[in-house]
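> Input structure39.cif, format and content: mmCIF, C-alpha atoms.
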```cif
data_coords
loop_
_atom_site.group_PDB
_atom_site.id
_atom_site.type_symbol
_atom_site.label_atom_id
_atom_site.label_comp_id
_atom_site.auth_asym_id
_atom_site.auth_seq_id
_atom_site.Cartn_x
_atom_site.Cartn_y
_atom_site.Cartn_z
ATOM 1 C CA MET R 1 -15.861 -189.640 -95.365
ATOM 2 C CA PRO R 2 -17.743 -187.300 -93.221
ATOM 3 C CA GLY R 3 -21.474 -188.064 -92.941
ATOM 4 C CA LYS R 4 -24.252 -185.730 -93.763
ATOM 5 C CA PRO R 5 -24.975 -183.408 -90.799
ATOM 6 C CA VAL R 6 -28.169 -184.227 -88.822
ATOM 7 C CA PRO R 7 -30.420 -181.298 -87.872
ATOM 8 C CA LEU R 8 -30.336 -180.516 -84.135
ATOM 9 C CA GLY R 9 -34.088 -180.080 -84.005
ATOM 10 C CA PHE R 10 -34.547 -183.689 -85.053
ATOM 11 C CA VAL R 11 -32.227 -184.916 -82.296
ATOM 12 C CA PHE R 12 -33.699 -182.896 -79.403
ATOM 13 C CA ARG R 13 -37.361 -183.125 -80.434
ATOM 14 C CA SER R 14 -39.559 -184.425 -77.545
ATOM 15 C CA ARG R 15 -40.798 -187.905 -78.145
ATOM 16 C CA ALA R 16 -43.693 -187.267 -75.773
ATOM 17 C CA LYS R 17 -45.204 -184.841 -78.279
ATOM 18 C CA GLU R 18 -44.972 -187.480 -80.973
ATOM 19 C CA GLU R 19 -46.596 -190.178 -78.847
ATOM 20 C CA LYS R 20 -49.429 -188.042 -77.461
ATOM 21 C CA THR R 21 -52.565 -187.856 -79.550
ATOM 22 C CA PRO R 22 -54.520 -184.637 -79.177
ATOM 23 C CA ALA R 23 -58.019 -185.056 -77.889
ATOM 24 C CA ASP R 24 -59.365 -182.731 -80.543
ATOM 25 C CA LYS R 25 -58.061 -185.048 -83.269
ATOM 26 C CA ALA R 26 -60.077 -188.013 -82.026
ATOM 27 C CA PRO R 27 -62.565 -189.278 -84.552
ATOM 28 C CA VAL R 28 -66.009 -187.844 -84.078
ATOM 29 C CA ASN R 29 -69.104 -189.602 -85.253
ATOM 30 C CA PHE R 30 -71.342 -187.088 -86.989
ATOM 31 C CA SER R 31 -73.884 -189.681 -87.934
ATOM 32 C CA LYS R 32 -77.354 -188.217 -88.330
ATOM 33 C CA GLN R 33 -79.092 -191.550 -88.335
ATOM 34 C CA SER R 34 -82.590 -191.131 -86.866
ATOM 35 C CA ARG R 35 -83.434 -192.914 -83.624
ATOM 36 C CA ASP R 36 -85.638 -195.957 -83.807
ATOM 37 C CA PRO R 37 -88.956 -195.018 -82.174
ATOM 38 C CA GLN R 38 -89.283 -198.581 -80.874
ATOM 39 C CA ALA R 39 -85.924 -198.455 -79.117
ATOM 40 C CA PRO R 40 -86.025 -198.178 -75.291
ATOM 41 C CA LYS R 41 -85.682 -194.631 -73.920
ATOM 42 C CA GLY R 42 -83.950 -195.567 -70.646
ATOM 43 C CA ARG R 43 -86.939 -194.410 -68.526
ATOM 44 C CA PRO R 44 -90.637 -195.334 -68.401
ATOM 45 C CA THR R 45 -93.108 -193.102 -70.173
ATOM 46 C CA PRO R 46 -95.262 -191.305 -67.572
ATOM 47 C CA LYS R 47 -98.992 -191.885 -67.647
ATOM 48 C CA ARG R 48 -101.205 -189.134 -68.953
ATOM 49 C CA SER R 49 -102.789 -188.497 -65.554
ATOM 50 C CA GLU R 50 -99.352 -188.263 -63.908
ATOM 51 C CA ALA R 51 -98.112 -185.861 -66.554
ATOM 52 C CA GLN R 52 -101.194 -183.656 -66.120
ATOM 53 C CA SER R 53 -100.751 -183.709 -62.346
ATOM 54 C CA GLN R 54 -97.119 -182.674 -62.684
ATOM 55 C CA ARG R 55 -98.069 -179.840 -65.024
ATOM 56 C CA ARG R 56 -100.743 -178.625 -62.603
ATOM 57 C CA SER R 57 -98.341 -178.746 -59.646
ATOM 58 C CA VAL R 58 -95.781 -176.756 -61.588
ATOM 59 C CA ALA R 59 -98.419 -174.256 -62.679
ATOM 60 C CA ASN R 60 -99.701 -173.840 -59.096
ATOM 61 C CA THR R 61 -96.250 -173.375 -57.596
ATOM 62 C CA PRO R 62 -95.909 -169.762 -56.372
ATOM 63 C CA THR R 63 -93.242 -167.867 -58.233
ATOM 64 C CA THR R 64 -92.872 -164.891 -55.891
ATOM 65 C CA ARG R 65 -92.775 -164.377 -52.147
ATOM 66 C CA LYS R 66 -96.068 -162.481 -52.307
ATOM 67 C CA ASP R 67 -97.792 -165.389 -54.066
ATOM 68 C CA ALA R 68 -96.347 -167.849 -51.548
ATOM 69 C CA ALA R 69 -97.584 -165.770 -48.605
ATOM 70 C CA LYS R 70 -101.023 -165.458 -50.174
ATOM 71 C CA ARG R 71 -101.202 -169.192 -50.716
ATOM 72 C CA GLN R 72 -100.164 -169.876 -47.105
ATOM 73 C CA ARG R 73 -102.871 -167.527 -45.820
ATOM 74 C CA GLU R 74 -105.464 -169.283 -47.963
ATOM 75 C CA GLU R 75 -104.378 -172.712 -46.743
ATOM 76 C CA ARG R 76 -104.455 -171.487 -43.129
ATOM 77 C CA ARG R 77 -107.941 -170.068 -43.623
ATOM 78 C CA GLN R 78 -109.178 -173.360 -45.091
ATOM 79 C CA ALA R 79 -107.613 -175.324 -42.219
ATOM 80 C CA LEU R 80 -109.311 -173.083 -39.644
ATOM 81 C CA GLU R 81 -112.643 -173.442 -41.439
ATOM 82 C CA ARG R 82 -112.321 -177.244 -41.447
ATOM 83 C CA GLN R 83 -111.414 -177.125 -37.760
ATOM 84 C CA ARG R 84 -114.447 -174.945 -36.967
ATOM 85 C CA GLN R 85 -116.756 -177.349 -38.771
ATOM 86 C CA ALA R 86 -115.130 -180.300 -37.005
ATOM 87 C CA LEU R 87 -115.693 -178.670 -33.599
ATOM 88 C CA ALA R 88 -119.350 -178.193 -34.465
ATOM 89 C CA GLY R 89 -119.871 -181.642 -35.990
ATOM 90 C CA GLY R 90 -117.303 -183.798 -34.200
ATOM 91 C CA ASP R 91 -115.311 -184.842 -37.265
ATOM 92 C CA GLU R 92 -112.196 -186.458 -35.773
ATOM 93 C CA ARG R 93 -110.040 -185.790 -38.844
ATOM 94 C CA TYR R 94 -109.884 -182.015 -38.400
ATOM 95 C CA LEU R 95 -110.140 -181.610 -34.632
ATOM 96 C CA PRO R 96 -107.342 -179.805 -32.755
ATOM 97 C CA ALA R 97 -104.610 -182.033 -31.338
ATOM 98 C CA ARG R 98 -105.935 -181.683 -27.773
ATOM 99 C CA ASP R 99 -109.334 -183.123 -28.803
ATOM 100 C CA LYS R 100 -108.168 -185.982 -31.023
ATOM 101 C CA GLY R 101 -108.131 -189.657 -30.206
ATOM 102 C CA PRO R 102 -110.552 -192.229 -28.777
ATOM 103 C CA VAL R 103 -109.486 -191.497 -25.192
ATOM 104 C CA ARG R 104 -110.379 -187.810 -25.421
ATOM 105 C CA LYS R 105 -113.621 -188.628 -27.252
ATOM 106 C CA PHE R 106 -114.664 -191.023 -24.482
ATOM 107 C CA ALA R 107 -113.798 -188.424 -21.847
ATOM 108 C CA ARG R 108 -115.972 -185.859 -23.635
ATOM 109 C CA ASP R 109 -118.894 -188.240 -24.049
ATOM 110 C CA TRP R 110 -118.668 -189.369 -20.432
ATOM 111 C CA THR R 111 -118.742 -185.769 -19.226
ATOM 112 C CA ASP R 112 -121.597 -184.776 -21.560
ATOM 113 C CA SER R 113 -123.723 -187.764 -20.528
ATOM 114 C CA ARG R 114 -124.091 -186.629 -16.904
ATOM 115 C CA PHE R 115 -125.048 -183.584 -14.865
ATOM 116 C CA ASN R 116 -122.068 -181.710 -13.454
ATOM 117 C CA VAL R 117 -122.345 -179.221 -10.621
ATOM 118 C CA ALA R 118 -119.621 -177.072 -12.150
ATOM 119 C CA GLU R 119 -121.613 -176.397 -15.316
ATOM 120 C CA PHE R 120 -124.201 -174.504 -13.243
ATOM 121 C CA PHE R 121 -121.584 -172.329 -11.589
ATOM 122 C CA LEU R 122 -122.074 -169.352 -13.917
ATOM 123 C CA PRO R 123 -125.864 -168.935 -13.424
ATOM 124 C CA LEU R 124 -125.495 -169.608 -9.689
ATOM 125 C CA ALA R 125 -122.736 -167.031 -9.487
ATOM 126 C CA VAL R 126 -124.994 -164.423 -11.073
ATOM 127 C CA VAL R 127 -127.755 -165.148 -8.546
ATOM 128 C CA ILE R 128 -125.363 -165.025 -5.606
ATOM 129 C CA LEU R 129 -123.827 -161.785 -6.869
ATOM 130 C CA VAL R 130 -127.251 -160.162 -7.052
ATOM 131 C CA LEU R 131 -128.066 -161.294 -3.513
ATOM 132 C CA SER R 132 -124.786 -159.969 -2.197
ATOM 133 C CA VAL R 133 -125.542 -156.497 -3.607
ATOM 134 C CA VAL R 134 -128.767 -156.205 -1.623
ATOM 135 C CA ARG R 135 -128.139 -154.019 1.432
ATOM 136 C CA VAL R 136 -129.729 -156.439 3.855
ATOM 137 C CA PRO R 137 -127.307 -158.187 6.238
ATOM 138 C CA ALA R 138 -129.355 -161.372 6.408
ATOM 139 C CA ILE R 139 -129.479 -161.714 2.596
ATOM 140 C CA GLN R 140 -125.779 -160.949 2.301
ATOM 141 C CA ASN R 141 -125.047 -163.696 4.839
ATOM 142 C CA ILE R 142 -127.139 -166.108 2.781
ATOM 143 C CA ALA R 143 -125.210 -165.137 -0.354
ATOM 144 C CA LEU R 144 -121.916 -165.803 1.404
ATOM 145 C CA LEU R 145 -123.159 -169.174 2.619
ATOM 146 C CA LEU R 146 -124.293 -170.065 -0.889
ATOM 147 C CA TRP R 147 -120.815 -169.235 -2.196
ATOM 148 C CA LEU R 148 -119.281 -171.719 0.214
ATOM 149 C CA ILE R 149 -121.844 -174.407 -0.559
ATOM 150 C CA VAL R 150 -121.391 -174.075 -4.338
ATOM 151 C CA ILE R 151 -117.608 -174.198 -4.082
ATOM 152 C CA VAL R 152 -117.666 -177.276 -1.825
ATOM 153 C CA LEU R 153 -120.135 -179.050 -4.114
ATOM 154 C CA ILE R 154 -118.017 -178.295 -7.191
ATOM 155 C CA VAL R 155 -114.853 -179.614 -5.533
ATOM 156 C CA LEU R 156 -116.531 -182.794 -4.273
ATOM 157 C CA ASP R 157 -118.248 -183.463 -7.608
ATOM 158 C CA ALA R 158 -115.006 -182.896 -9.523
ATOM 159 C CA ALA R 159 -113.071 -185.229 -7.224
ATOM 160 C CA LEU R 160 -115.641 -188.036 -7.485
ATOM 161 C CA SER R 161 -116.025 -187.551 -11.241
ATOM 162 C CA GLY R 162 -112.257 -187.642 -11.741
ATOM 163 C CA LEU R 163 -111.912 -190.909 -9.829
ATOM 164 C CA ARG R 164 -114.799 -192.558 -11.668
ATOM 165 C CA LEU R 165 -113.587 -191.403 -15.067
ATOM 166 C CA LYS R 166 -110.035 -192.537 -14.336
ATOM 167 C CA LYS R 167 -111.355 -196.009 -13.507
ATOM 168 C CA ARG R 168 -113.496 -196.166 -16.642
ATOM 169 C CA LEU R 169 -110.600 -195.070 -18.836
ATOM 170 C CA ALA R 170 -108.333 -197.737 -17.328
ATOM 171 C CA GLU R 171 -110.958 -200.390 -18.088
ATOM 172 C CA ARG R 172 -111.731 -199.134 -21.573
ATOM 173 C CA PHE R 173 -108.238 -198.188 -22.773
ATOM 174 C CA PRO R 174 -105.719 -200.244 -20.781
ATOM 175 C CA ASP R 175 -102.989 -200.089 -23.441
ATOM 176 C CA GLN R 176 -103.376 -196.481 -24.605
ATOM 177 C CA ASN R 177 -101.962 -193.212 -23.331
ATOM 178 C CA ARG R 178 -104.527 -191.720 -20.950
ATOM 179 C CA ARG R 179 -102.401 -188.860 -19.677
ATOM 180 C CA GLY R 180 -104.300 -185.575 -19.346
ATOM 181 C CA ALA R 181 -107.698 -187.092 -20.148
ATOM 182 C CA VAL R 182 -109.156 -186.558 -16.655
ATOM 183 C CA PRO R 183 -108.164 -182.846 -16.363
ATOM 184 C CA TYR R 184 -109.431 -182.427 -19.929
ATOM 185 C CA ALA R 185 -112.849 -183.779 -18.906
ATOM 186 C CA LEU R 186 -112.976 -181.709 -15.708
ATOM 187 C CA MET R 187 -112.224 -178.508 -17.627
ATOM 188 C CA ARG R 188 -115.025 -179.406 -20.006
ATOM 189 C CA SER R 189 -117.415 -179.921 -17.100
ATOM 190 C CA LEU R 190 -116.849 -176.289 -16.041
ATOM 191 C CA GLN R 191 -118.489 -175.074 -19.249
ATOM 192 C CA MET R 192 -122.209 -174.894 -19.873
ATOM 193 C CA ARG R 193 -123.326 -177.752 -22.072
ATOM 194 C CA ARG R 194 -124.469 -175.580 -24.982
ATOM 195 C CA LEU R 195 -121.136 -173.717 -25.040
ATOM 196 C CA ARG R 196 -118.880 -176.760 -25.134
ATOM 197 C CA LEU R 197 -116.585 -177.410 -28.086
ATOM 198 C CA PRO R 198 -116.524 -179.905 -29.695
ATOM 199 C CA LYS R 199 -120.307 -180.016 -29.476
ATOM 200 C CA PRO R 200 -121.753 -182.814 -27.303
ATOM 201 C CA GLN R 201 -122.487 -185.957 -29.305
ATOM 202 C CA VAL R 202 -124.448 -187.850 -26.614
ATOM 203 C CA LYS R 203 -127.567 -187.070 -24.617
ATOM 204 C CA ARG R 204 -127.722 -186.803 -20.850
ATOM 205 C CA GLY R 205 -128.022 -190.250 -19.278
ATOM 206 C CA GLU R 206 -126.801 -191.972 -22.439
ATOM 207 C CA ARG R 207 -123.996 -194.433 -21.751
ATOM 208 C CA PRO R 208 -120.892 -193.601 -23.829
#
```
Show this structure as structure tokens.


Amino acid sequence: MPGKPVPLGFVFRSRAKEEKTPADKAPVNFSKQSRDPQAPKGRPTPKRSEAQSQRRSVANTPTTRKDAAKRQREERRQALERQRQALAGGDERYLPARDKGPVRKFARDWTDSRFNVAEFFLPLAVVILVLSVVRVPAIQNIALLLWLIVIVLIVLDAALSGLRLKKRLAERFPDQNRRGAVPYALMRSLQMRRLRLPKPQVKRGERP
């Protein structure tokens, strides 16, 4: 007795489609249960001061290139003003890099505590220049001789000062970098005392 015909679609239907469960048919929990306020949040609650600081930093952040440039100019102006005050008062925190450090401070104080021939070069040069203008051969010869004497004195004084300062620095700062401190002091000695920056912090004859 012939059996009842079986539909072809039933025979050739893919079993993979039957076994696979669509992701969109997965059960979804639509629970609207309110969260327990005492339950942990997964991160610490920021302090009030920290939150205010964060809000201020966000508020002060420049939003445009023009605002950023304006803020940079203002910060640069404030830095230069602090540097100018430090040069006048000797505040180590805001001094330029070439003037910072105990080695450079000692070199400045050592130079400012003594008389240097080089610091009188400018007024002497004015006097010699005036003498050289006078149309008298004898006076012009004296002016030329004074030029030679001043130059020799400056060179000798700078050489002796450099050697003495180098020795003092080696005794005072044996384990610190002393490179460039002696030329730094000699360049300072070329300037008149009242024009030196940073301003002298010691009196003449005072031991640094």

> Which residues of range 156-184 of chain R sit at most 12 Å from range 200-208 of chain R, using all atoms listed in the file? Give each one's shortest atom pair and distance in Å (one decimal place), in chain and ascending residue order, as a Markdown table.


```
| residue | atom | partner | partner_atom | distance |
| --- | --- | --- | --- | --- |
| R:Leu165 | CA | R:Pro208 | CA | 11.6 |
| R:Arg168 | CA | R:Pro208 | CA | 10.6 |
| R:Leu169 | CA | R:Pro208 | CA | 11.5 |
| R:Arg172 | CA | R:Pro208 | CA | 10.9 |
```

> Find the residue from R:Arg73, R:Lys167, R:Lys100, R:Arg108 that sits nearest to Ser189 in chain R; use all atoms listed in the file when measuring.

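Smallest separation from Ser189 in chain R among the options: R:Arg108.
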
> Could you state the separation of CA of Ala159 in chain R and CA of Leu124 in chain R in Å, given to one decimal place?

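Going from CA of Ala159 in chain R over to CA of Leu124 in chain R covers 20.1 Å.
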
> Counting only C-alpha atoms, figure out which residue out of R:Asn177, R:Gln83, R:Gln140, R:Asn116 gets nearest to Val155 in chain R.

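Residue with the minimum atom-to-atom distance to Val155 in chain R: R:Asn116.
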
> Selected by the PyMOL selection byres ((chain R and resi 92-97) around 12) in the shown coordinates: which residues, as a list of chain:residue names?

R:Gln78, R:Ala79, R:Leu80, R:Glu81, R:Arg82, R:Gln83, R:Arg84, R:Gln85, R:Ala86, R:Leu87, R:Ala88, R:Gly89, R:Gly90, R:Asp91, R:Arg98, R:Asp99, R:Lys100, R:Gly101, R:Pro102, R:Arg104, R:Lys105, R:Leu197, R:Pro198, R:Lys199

> Got a sec to resolve the PyMOL selection byres ((chain R and resi 127) around 12) on this structure and send the residues as a PDB file with C-alpha atoms, keeping the file's coordinate frame?


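Below is the file expr_8.pdb, written as the result:
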```pdb
ATOM      1  CA  PHE R 120    -124.201-174.504 -13.243  1.00  0.00           C
ATOM      2  CA  PHE R 121    -121.584-172.329 -11.589  1.00  0.00           C
ATOM      3  CA  LEU R 122    -122.074-169.352 -13.917  1.00  0.00           C
ATOM      4  CA  PRO R 123    -125.864-168.935 -13.424  1.00  0.00           C
ATOM      5  CA  LEU R 124    -125.495-169.608  -9.689  1.00  0.00           C
ATOM      6  CA  ALA R 125    -122.736-167.031  -9.487  1.00  0.00           C
ATOM      7  CA  VAL R 126    -124.994-164.423 -11.073  1.00  0.00           C
ATOM      8  CA  ILE R 128    -125.363-165.025  -5.606  1.00  0.00           C
ATOM      9  CA  LEU R 129    -123.827-161.785  -6.869  1.00  0.00           C
ATOM     10  CA  VAL R 130    -127.251-160.162  -7.052  1.00  0.00           C
ATOM     11  CA  LEU R 131    -128.066-161.294  -3.513  1.00  0.00           C
ATOM     12  CA  SER R 132    -124.786-159.969  -2.197  1.00  0.00           C
ATOM     13  CA  VAL R 133    -125.542-156.497  -3.607  1.00  0.00           C
ATOM     14  CA  VAL R 134    -128.767-156.205  -1.623  1.00  0.00           C
ATOM     15  CA  ILE R 139    -129.479-161.714   2.596  1.00  0.00           C
ATOM     16  CA  GLN R 140    -125.779-160.949   2.301  1.00  0.00           C
ATOM     17  CA  ILE R 142    -127.139-166.108   2.781  1.00  0.00           C
ATOM     18  CA  ALA R 143    -125.210-165.137  -0.354  1.00  0.00           C
ATOM     19  CA  LEU R 144    -121.916-165.803   1.404  1.00  0.00           C
ATOM     20  CA  LEU R 146    -124.293-170.065  -0.889  1.00  0.00           C
ATOM     21  CA  TRP R 147    -120.815-169.235  -2.196  1.00  0.00           C
ATOM     22  CA  VAL R 150    -121.391-174.075  -4.338  1.00  0.00           C
TER      23      VAL R 150
END
```

> Skip Ala158 in chain R itself and residues of its chain fewer than 6 positions away, then list as a list of chain:residue names all residues within 10 Å of it, counting all atoms listed in the file.

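Residues near the query, excluding close chain neighbours: R:Asn116, R:Val117, R:Ala118, R:Val152, R:Arg164, R:Val182, R:Pro183, R:Ala185, R:Leu186, R:Met187, R:Ser189, R:Leu190.
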
> Could you write out as AutoDock Vina command-line options the box around range 124-130 of chain R (axis-aligned, all atoms listed in the file, 5 Å on each side), with centre and edge lengths in Å to one decimal?


```
--center_x -125.2 --center_y -164.9 --center_z -8.3 --size_x 15.0 --size_y 19.4 --size_z 15.5
```

> Given only C-alpha atoms as the basis, pick out the residue of R:Arg65, R:Arg114, R:Ala107, R:Gln72 nearest to Gly180 in chain R.

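Checking each candidate against Gly180 in chain R, we get R:Ala107 as the closest.
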
> Mind giving me the straight-line distance from CA of Val103 in chain R to CA of Arg188 in chain R in Å, one decimal?

14.3 Å

> Mind giving me the straight-line distance from CA of Asp157 in chain R to CA of Glu119 in chain R in Å, one decimal?

11.0 Å
